[in-house]
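Student: The file below is start-v9.pdb, PDB, C-alpha atoms:
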```pdb
ATOM      1  CA  MET A   1     116.788 179.067 111.919
ATOM      2  CA  SER A   2     119.389 178.897 109.194
ATOM      3  CA  ASN A   3     120.890 175.642 108.083
ATOM      4  CA  PRO A   4     124.180 175.786 106.206
ATOM      5  CA  ALA A   5     123.446 172.397 104.663
ATOM      6  CA  GLU A   6     120.143 173.333 103.005
ATOM      7  CA  PRO A   7     118.705 170.409 101.037
ATOM      8  CA  ASN A   8     118.214 170.922  97.297
ATOM      9  CA  ARG A   9     114.855 170.863  95.498
ATOM     10  CA  VAL A  10     115.064 167.171  94.549
ATOM     11  CA  GLU A  11     115.850 166.198  98.126
ATOM     12  CA  ILE A  12     113.001 168.367  99.379
ATOM     13  CA  GLU A  13     110.556 166.743  96.948
ATOM     14  CA  LYS A  14     111.779 163.268  97.849
ATOM     15  CA  GLU A  15     111.484 164.040 101.536
ATOM     16  CA  ARG A  16     108.004 165.488 101.073
ATOM     17  CA  GLU A  17     106.943 162.284  99.367
ATOM     18  CA  LEU A  18     108.412 160.175 102.176
ATOM     19  CA  ILE A  19     106.652 162.333 104.757
ATOM     20  CA  GLY A  20     103.333 161.894 102.948
ATOM     21  CA  ARG A  21     103.748 158.141 102.834
ATOM     22  CA  ALA A  22     104.855 157.984 106.465
ATOM     23  CA  GLN A  23     101.856 160.093 107.493
ATOM     24  CA  ALA A  24      99.688 157.484 105.800
ATOM     25  CA  GLY A  25     101.305 154.832 107.997
ATOM     26  CA  ASP A  26     104.077 153.588 105.700
ATOM     27  CA  LYS A  27     106.794 152.448 108.106
ATOM     28  CA  ALA A  28     109.357 151.867 105.367
ATOM     29  CA  ALA A  29     109.030 155.530 104.404
ATOM     30  CA  PHE A  30     109.474 156.552 108.031
ATOM     31  CA  ALA A  31     112.544 154.306 108.314
ATOM     32  CA  ALA A  32     114.022 156.178 105.342
ATOM     33  CA  LEU A  33     113.367 159.484 107.141
ATOM     34  CA  VAL A  34     114.986 158.087 110.291
ATOM     35  CA  ARG A  35     118.083 157.086 108.295
ATOM     36  CA  ALA A  36     118.267 160.556 106.762
ATOM     37  CA  HIS A  37     117.944 162.461 110.038
ATOM     38  CA  GLN A  38     119.260 160.192 112.786
ATOM     39  CA  ASN A  39     122.788 161.649 112.823
ATOM     40  CA  GLU A  40     121.428 165.160 113.079
ATOM     41  CA  VAL A  41     119.017 164.247 115.867
ATOM     42  CA  TYR A  42     121.696 162.319 117.758
ATOM     43  CA  THR A  43     124.242 165.147 117.360
ATOM     44  CA  LEU A  44     121.834 167.689 118.833
ATOM     45  CA  ALA A  45     121.003 165.306 121.678
ATOM     46  CA  ARG A  46     124.738 164.819 122.372
ATOM     47  CA  ARG A  47     125.313 168.547 122.480
ATOM     48  CA  LEU A  48     122.382 169.086 124.813
ATOM     49  CA  VAL A  49     122.862 166.248 127.294
ATOM     50  CA  GLY A  50     126.554 165.380 126.901
ATOM     51  CA  ASP A  51     126.355 161.726 127.855
ATOM     52  CA  PRO A  52     126.400 159.446 124.760
ATOM     53  CA  HIS A  53     124.113 156.784 126.232
ATOM     54  CA  LEU A  54     121.552 159.284 127.394
ATOM     55  CA  ALA A  55     121.804 161.049 124.027
ATOM     56  CA  SER A  56     121.090 157.760 122.312
ATOM     57  CA  ASP A  57     117.942 157.328 124.442
ATOM     58  CA  VAL A  58     116.917 160.915 123.740
ATOM     59  CA  ALA A  59     117.355 160.415 119.985
ATOM     60  CA  GLN A  60     115.360 157.171 120.065
ATOM     61  CA  GLU A  61     112.533 158.708 122.082
ATOM     62  CA  ALA A  62     112.509 161.838 119.901
ATOM     63  CA  LEU A  63     112.159 159.788 116.710
ATOM     64  CA  ILE A  64     109.378 157.695 118.241
ATOM     65  CA  ARG A  65     107.585 160.895 119.275
ATOM     66  CA  ALA A  66     108.085 162.180 115.749
ATOM     67  CA  TRP A  67     106.339 159.101 114.325
ATOM     68  CA  ARG A  68     103.399 159.594 116.675
ATOM     69  CA  ALA A  69     103.157 163.314 115.920
ATOM     70  CA  LEU A  70     103.782 162.979 112.187
ATOM     71  CA  PRO A  71     100.078 163.104 111.212
ATOM     72  CA  LYS A  72     100.030 166.611 112.732
ATOM     73  CA  PHE A  73     103.124 167.761 110.796
ATOM     74  CA  ARG A  74     101.844 170.228 108.200
ATOM     75  CA  GLY A  75     105.142 171.026 106.552
ATOM     76  CA  ASP A  76     105.207 174.703 107.569
ATOM     77  CA  ALA A  77     108.790 174.223 108.758
ATOM     78  CA  GLN A  78     111.488 171.904 107.430
ATOM     79  CA  LEU A  79     111.338 168.401 108.850
ATOM     80  CA  SER A  80     114.806 168.881 110.380
ATOM     81  CA  THR A  81     113.648 172.018 112.233
ATOM     82  CA  TRP A  82     110.580 170.170 113.495
ATOM     83  CA  LEU A  83     112.763 167.248 114.611
ATOM     84  CA  HIS A  84     115.104 169.665 116.413
ATOM     85  CA  ARG A  85     112.190 170.960 118.458
ATOM     86  CA  ILE A  86     111.048 167.450 119.355
ATOM     87  CA  THR A  87     114.632 166.497 120.288
ATOM     88  CA  VAL A  88     115.015 169.539 122.541
ATOM     89  CA  ASN A  89     111.723 168.822 124.297
ATOM     90  CA  THR A  90     112.633 165.156 124.677
ATOM     91  CA  ALA A  91     116.045 166.083 126.071
ATOM     92  CA  TRP A  92     114.440 168.203 128.811
ATOM     93  CA  THR A  93     112.093 165.350 129.747
ATOM     94  CA  GLN A  94     114.817 162.702 129.741
ATOM     95  CA  LYS A  95     117.178 164.904 131.744
ATOM     96  CA  LYS A  96     114.531 165.355 134.408
ATOM     97  CA  LYS A  97     114.157 161.576 134.610
ATOM     98  CA  ALA A  98     117.922 161.097 134.796
ATOM     99  CA  SER A  99     118.570 164.134 136.984
ATOM    100  CA  ARG A 100     121.301 162.358 138.866
ATOM    101  CA  HIS A 101     123.078 161.578 135.645
ATOM    102  CA  VAL A 102     126.343 163.518 135.292
ATOM    103  CA  ALA A 103     127.072 164.928 131.835
ATOM    104  CA  GLN A 104     130.116 163.377 130.205
ATOM    105  CA  PRO A 105     132.661 165.295 128.169
ATOM    106  CA  ILE A 106     131.918 165.556 124.474
ATOM    107  CA  GLU A 107     135.047 163.832 123.198
ATOM    108  CA  ASP A 108     134.296 162.305 119.839
ATOM    109  CA  TYR A 109     133.656 165.144 117.411
ATOM    110  CA  ALA A 110     136.379 163.696 115.253
ATOM    111  CA  GLU A 111     134.464 164.298 112.059
ATOM    112  CA  LEU A 112     134.568 168.092 112.330
ATOM    113  CA  ALA A 113     134.525 169.786 108.940
ATOM    114  CA  ALA A 114     137.886 171.268 107.980
ATOM    115  CA  PRO A 115     137.724 175.081 107.996
ATOM    116  CA  GLU A 116     139.395 177.396 105.487
ATOM    117  CA  GLY A 117     143.167 177.459 105.831
ATOM    118  CA  ALA A 118     143.176 174.264 107.842
ATOM    119  CA  ASP A 119     145.543 172.642 105.351
ATOM    120  CA  HIS A 120     148.348 174.824 106.699
ATOM    121  CA  PRO A 121     149.892 172.911 109.609
ATOM    122  CA  ALA A 122     150.215 175.941 111.878
ATOM    123  CA  VAL A 123     146.626 177.070 111.248
ATOM    124  CA  ALA A 124     145.284 173.528 111.545
ATOM    125  CA  GLY A 125     147.080 173.073 114.846
ATOM    126  CA  GLU A 126     145.766 176.349 116.179
ATOM    127  CA  ILE A 127     142.195 175.529 115.114
ATOM    128  CA  ALA A 128     142.389 172.049 116.607
ATOM    129  CA  GLU A 129     143.622 173.541 119.865
ATOM    130  CA  LEU A 130     140.852 176.145 119.905
ATOM    131  CA  ARG A 131     138.239 173.480 119.192
ATOM    132  CA  GLY A 132     139.552 171.306 121.983
ATOM    133  CA  GLN A 133     139.425 174.236 124.378
ATOM    134  CA  LEU A 134     135.969 175.183 123.157
ATOM    135  CA  ARG A 135     134.593 171.660 123.663
ATOM    136  CA  SER A 136     136.045 171.537 127.171
ATOM    137  CA  ALA A 137     134.701 174.994 127.983
ATOM    138  CA  LEU A 138     131.244 173.997 126.732
ATOM    139  CA  ASP A 139     131.350 170.856 128.857
ATOM    140  CA  ARG A 140     132.218 172.900 131.918
ATOM    141  CA  LEU A 141     129.238 175.224 131.506
ATOM    142  CA  PRO A 142     126.281 174.529 133.785
ATOM    143  CA  GLU A 143     123.775 172.541 131.753
ATOM    144  CA  PRO A 144     121.070 175.216 131.317
ATOM    145  CA  GLN A 145     123.729 177.653 130.086
ATOM    146  CA  ARG A 146     125.279 175.091 127.754
ATOM    147  CA  GLN A 147     121.901 174.310 126.234
ATOM    148  CA  VAL A 148     121.183 177.966 125.560
ATOM    149  CA  VAL A 149     124.589 178.479 123.913
ATOM    150  CA  VAL A 150     124.167 175.354 121.786
ATOM    151  CA  LEU A 151     120.683 176.343 120.613
ATOM    152  CA  LYS A 152     121.530 180.003 119.989
ATOM    153  CA  ASP A 153     125.122 180.042 118.812
ATOM    154  CA  VAL A 154     125.357 176.630 117.138
ATOM    155  CA  TYR A 155     121.805 176.130 115.831
ATOM    156  CA  GLY A 156     120.797 179.776 115.428
ATOM    157  CA  TRP A 157     117.537 179.606 117.374
ATOM    158  CA  SER A 158     115.983 182.927 118.381
ATOM    159  CA  HIS A 159     115.661 183.949 122.022
ATOM    160  CA  ALA A 160     111.900 183.463 121.714
ATOM    161  CA  GLU A 161     112.270 179.929 120.344
ATOM    162  CA  ILE A 162     114.680 179.004 123.125
ATOM    163  CA  ALA A 163     112.424 180.536 125.771
ATOM    164  CA  GLU A 164     109.410 178.625 124.437
ATOM    165  CA  SER A 165     111.169 175.280 124.273
ATOM    166  CA  MET A 166     112.787 175.657 127.709
ATOM    167  CA  ASN A 167     109.603 177.041 129.241
ATOM    168  CA  ILE A 168     111.329 180.185 130.486
ATOM    169  CA  SER A 169     110.852 183.868 129.694
ATOM    170  CA  VAL A 170     112.698 185.540 126.834
ATOM    171  CA  THR A 171     114.499 187.691 129.404
ATOM    172  CA  ALA A 172     115.629 184.595 131.304
ATOM    173  CA  ALA A 173     116.904 183.077 128.055
ATOM    174  CA  LYS A 174     118.867 186.247 127.313
ATOM    175  CA  VAL A 175     120.322 186.356 130.823
ATOM    176  CA  ARG A 176     121.394 182.711 130.585
ATOM    177  CA  LEU A 177     123.022 183.334 127.245
ATOM    178  CA  HIS A 178     124.725 186.460 128.545
ATOM    179  CA  ARG A 179     126.191 184.568 131.501
ATOM    180  CA  ALA A 180     127.098 181.547 129.420
ATOM    181  CA  ARG A 181     129.037 183.571 126.868
ATOM    182  CA  ALA A 182     130.852 185.494 129.577
ATOM    183  CA  ARG A 183     131.810 182.256 131.290
ATOM    184  CA  LEU A 184     132.842 180.685 128.009
ATOM    185  CA  ALA A 185     135.020 183.681 127.168
ATOM    186  CA  LYS A 186     136.643 183.649 130.609
ATOM    187  CA  ASP A 187     137.219 179.904 130.468
ATOM    188  CA  LEU A 188     138.845 180.122 127.038
ATOM    189  CA  GLU A 189     140.983 183.027 128.113
ATOM    190  CA  GLU A 190     142.259 181.088 131.112
ATOM    191  CA  ALA A 191     142.904 178.022 128.951
ATOM    192  CA  SER A 192     144.955 179.905 126.378
TER     193      SER A 192
ATOM    194  CA  MET B   1     142.360 192.970 134.360
ATOM    195  CA  ASN B   2     140.377 195.638 136.156
ATOM    196  CA  LEU B   3     136.832 195.670 137.422
ATOM    197  CA  VAL B   4     135.482 197.482 134.353
ATOM    198  CA  CYS B   5     136.950 194.765 132.084
ATOM    199  CA  GLU B   6     135.165 192.154 134.193
ATOM    200  CA  MET B   7     131.876 194.019 133.991
ATOM    201  CA  ALA B   8     132.291 194.556 130.263
ATOM    202  CA  ALA B   9     133.174 190.904 129.570
ATOM    203  CA  PRO B  10     129.645 189.587 128.889
ATOM    204  CA  PHE B  11     128.885 192.566 126.663
ATOM    205  CA  VAL B  12     132.126 192.075 124.768
ATOM    206  CA  ALA B  13     131.234 188.404 124.317
ATOM    207  CA  ASN B  14     127.701 189.219 123.120
ATOM    208  CA  SER B  15     129.047 191.822 120.719
ATOM    209  CA  ALA B  16     131.552 189.368 119.257
ATOM    210  CA  VAL B  17     129.059 186.524 118.849
ATOM    211  CA  ASP B  18     126.145 188.606 117.567
ATOM    212  CA  GLY B  19     128.316 190.915 115.448
ATOM    213  CA  THR B  20     126.782 193.975 117.087
ATOM    214  CA  PRO B  21     128.487 196.980 118.736
ATOM    215  CA  VAL B  22     129.468 196.669 122.396
ATOM    216  CA  ALA B  23     126.744 198.024 124.734
ATOM    217  CA  SER B  24     127.032 201.835 124.815
ATOM    218  CA  MET B  25     127.956 202.061 128.508
ATOM    219  CA  PHE B  26     131.166 200.076 127.856
ATOM    220  CA  ARG B  27     131.960 201.343 124.371
ATOM    221  CA  THR B  28     134.375 204.044 125.517
ATOM    222  CA  HIS B  29     136.212 201.616 127.761
ATOM    223  CA  THR B  30     136.512 198.825 125.210
ATOM    224  CA  GLY B  31     137.555 201.314 122.544
ATOM    225  CA  SER B  32     140.743 202.011 124.462
ATOM    226  CA  CYS B  33     141.287 198.777 126.422
ATOM    227  CA  LEU B  34     143.653 196.363 124.674
ATOM    228  CA  LYS B  35     142.625 193.517 126.976
ATOM    229  CA  CYS B  36     138.944 193.884 126.061
ATOM    230  CA  GLN B  37     139.816 194.178 122.383
ATOM    231  CA  ALA B  38     141.856 190.978 122.556
ATOM    232  CA  ARG B  39     138.926 189.352 124.296
ATOM    233  CA  HIS B  40     136.637 190.517 121.505
ATOM    234  CA  VAL B  41     138.919 189.023 118.836
ATOM    235  CA  ALA B  42     139.158 185.715 120.737
ATOM    236  CA  MET B  43     135.397 185.531 121.202
ATOM    237  CA  THR B  44     134.803 186.307 117.525
ATOM    238  CA  ARG B  45     136.888 183.243 116.625
ATOM    239  CA  THR B  46     135.010 181.218 119.208
ATOM    240  CA  ALA B  47     131.702 182.320 117.673
ATOM    241  CA  ARG B  48     132.918 181.183 114.260
ATOM    242  CA  GLU B  49     133.783 177.773 115.686
ATOM    243  CA  LEU B  50     130.399 177.509 117.391
ATOM    244  CA  THR B  51     128.685 178.270 114.085
ATOM    245  CA  ALA B  52     130.897 175.730 112.306
ATOM    246  CA  MET B  53     129.685 173.095 114.766
ATOM    247  CA  HIS B  54     126.251 173.277 113.110
ATOM    248  CA  SER B  55     127.501 171.646 109.951
ATOM    249  CA  THR B  56     129.269 168.838 111.804
ATOM    250  CA  ARG B  57     127.576 165.600 112.754
ATOM    251  CA  VAL B  58     128.301 162.861 115.199
ATOM    252  CA  SER B  59     127.357 159.443 113.843
ATOM    253  CA  ALA B  60     124.334 157.999 115.555
ATOM    254  CA  PRO B  61     124.748 154.577 117.189
ATOM    255  CA  PRO B  62     124.441 151.894 114.474
ATOM    256  CA  ASP B  63     121.428 150.322 116.164
ATOM    257  CA  LEU B  64     119.422 153.528 116.552
ATOM    258  CA  GLU B  65     117.229 152.973 113.485
ATOM    259  CA  TRP B  66     116.578 149.373 114.553
ATOM    260  CA  ARG B  67     115.671 150.506 118.091
ATOM    261  CA  VAL B  68     113.261 153.127 116.795
ATOM    262  CA  MET B  69     111.563 150.848 114.288
ATOM    263  CA  SER B  70     111.319 148.000 116.823
ATOM    264  CA  SER B  71     109.593 150.332 119.259
ATOM    265  CA  LEU B  72     107.140 151.289 116.541
ATOM    266  CA  GLU B  73     106.411 147.609 115.915
ATOM    267  CA  GLY B  74     105.584 147.356 119.620
ATOM    268  CA  ASP B  75     103.342 150.403 119.339
ATOM    269  CA  LEU B  76     101.478 148.967 116.397
ATOM    270  CA  ALA B  77     101.213 145.559 118.037
ATOM    271  CA  VAL B  78      99.644 147.146 121.131
ATOM    272  CA  ALA B  79      97.282 149.150 118.943
ATOM    273  CA  ARG B  80      96.324 146.027 117.012
ATOM    274  CA  SER B  81      95.866 143.955 120.180
ATOM    275  CA  TRP B  82      93.393 146.532 121.484
ATOM    276  CA  LYS B  83      91.583 147.124 118.224
ATOM    277  CA  ALA B  84      90.020 143.673 117.764
ATOM    278  CA  PRO B  85      88.586 143.206 121.285
ATOM    279  CA  LEU B  86      87.381 146.793 121.268
ATOM    280  CA  ALA B  87      85.538 146.327 117.981
ATOM    281  CA  LEU B  88      84.041 143.044 119.194
ATOM    282  CA  THR B  89      82.859 144.613 122.469
ATOM    283  CA  ALA B  90      81.321 147.539 120.603
ATOM    284  CA  ALA B  91      79.534 145.156 118.255
ATOM    285  CA  LEU B  92      78.175 143.070 121.174
ATOM    286  CA  ILE B  93      76.961 146.160 123.030
ATOM    287  CA  SER B  94      75.260 147.429 119.865
ATOM    288  CA  ALA B  95      73.587 144.061 119.328
ATOM    289  CA  ALA B  96      72.429 143.911 122.954
ATOM    290  CA  ALA B  97      71.060 147.452 122.758
ATOM    291  CA  ALA B  98      69.208 146.623 119.536
ATOM    292  CA  LEU B  99      67.719 143.526 121.160
ATOM    293  CA  VAL B 100      66.561 145.473 124.230
ATOM    294  CA  ILE B 101      65.001 148.171 122.055
ATOM    295  CA  TRP B 102      63.249 145.509 119.956
ATOM    296  CA  ARG B 103      61.926 143.728 123.070
ATOM    297  CA  LEU B 104      60.701 146.984 124.650
ATOM    298  CA  ARG B 105      58.992 148.258 121.534
ATOM    299  CA  PRO B 106      55.333 149.163 122.073
ATOM    300  CA  ASP B 107      52.949 146.424 121.009
ATOM    301  CA  THR B 108      51.075 147.798 118.032
ATOM    302  CA  ALA B 109      49.421 144.492 117.013
ATOM    303  CA  ASN B 110      46.177 145.215 118.919
TER     304      ASN B 110
END
```
How does the structure come out when it is put into structure tokens?

Tutor:
Amino acid sequence: MSNPAEPNRVEIEKERELIGRAQAGDKAAFAALVRAHQNEVYTLARRLVGDPHLASDVAQEALIRAWRALPKFRGDAQLSTWLHRITVNTAWTQKKKASRHVAQPIEDYAELAAPEGADHPAVAGEIAELRGQLRSALDRLPEPQRQVVVLKDVYGWSHAEIAESMNISVTAAKVRLHRARARLAKDLEEAS
Amino acid sequence: MNLVCEMAAPFVANSAVDGTPVASMFRTHTGSCLKCQARHVAMTRTARELTAMHSTRVSAPPDLEWRVMSSLEGDLAVARSWKAPLALTAALISAAAALVIWRLRPDTAN
């Protein structure tokens, strides 16, 4: 899983130290880890479940599960990757509990990073329009398809990782992705 | 839009997002179909936007950290509330067992 915002060595060392302290039961150290990762965990939850309130519950539950599982964290993966997995698993559980909950549109990604060329008004306008259409198209996808697209195309998970976390076969994950992308493409084409 | 374009659509989308060639069975068609090519270009841009989403964050609710840490306090409180009685019970059982063993010991005085 690639992360465009890779932490530098100092941050990694600092985080490792916090993890060690938190594993020894230091709650202040864990609170510092929560502060560092809560936006990331909440963002993933929002993208997976849509509804902001449910996403907030998912993020809370995921971070609590992380605290409980922290003694088992061996540091083979980055903490953020490990937290992503916990968040995904928590999202499935919470969605099952709230199965009658209807996903809400994802409307507040106001803090999107400005892409190259976005300072040109025409380009910026075009990008903003595309992003709006993309968010709407993602919202319209059936939830299992949306989750696969988010994990694969936004977070760069492999088919195998998605299959494992969603408890489906790799083939099923590929089929879902295949259908989701086709639907996304069709939706965007109709919107434009 | 003909039927072949419709059938090719998911493969065009996969090709654009993954940056791989279109599946061989549709390659000839997409090579000459302007509609499919336009679709490929549009989906390539979409893929770029999806990737860009990774580096964007939505701010967590301001009370999230408080909620998490409060729950942990509850966890620890429950753990603590069980620890003391459990230790006391274990100590009493051990003492009782020791007493029984002492009382039942074979009389070696005679």

Student: Which chain B residues are at most 12 Å from chain A (counting all atoms listed in the file), as a PyMOL selection string?

Tutor: chain B and resi 1+5-19+35-36+38-76

Student: Report, in Å with one decimal, the straight-line distance from atom CA of A:Val175 to atom CA of A:Pro142.

Tutor: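 Distance reported for this atom pair: 13.6 Å.
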
Student: How big is the axis-aligned box around the listed atoms of stretch 140-144 of chain A once 4 Å is added on each side, and where is its centre? Give both in Å to one decimal, as lines of an AutoDock Vina configuration file.

Tutor:
```
center_x = 126.6
center_y = 173.9
center_z = 132.6
size_x = 19.1
size_y = 10.7
size_z = 10.5
```

Student: Report, in Å with one decimal, the straight-line distance from atom CA of A:Glu17 to atom CA of A:Thr81.

Tutor: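 About the pair atom CA of A:Glu17 and atom CA of A:Thr81: they are 17.5 Å apart.
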
Student: Quick one, how far is atom CA of A:Val49 from atom CA of A:His84?

Tutor: 13.8 Å

Student: Pick the closest to A:Glu129 from A:Asp26, A:Ala191, A:Phe73, A:Val170: which is it, counting all atoms listed in the file?

Tutor: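 Closest residue, counting all atoms listed in the file: A:Ala191.
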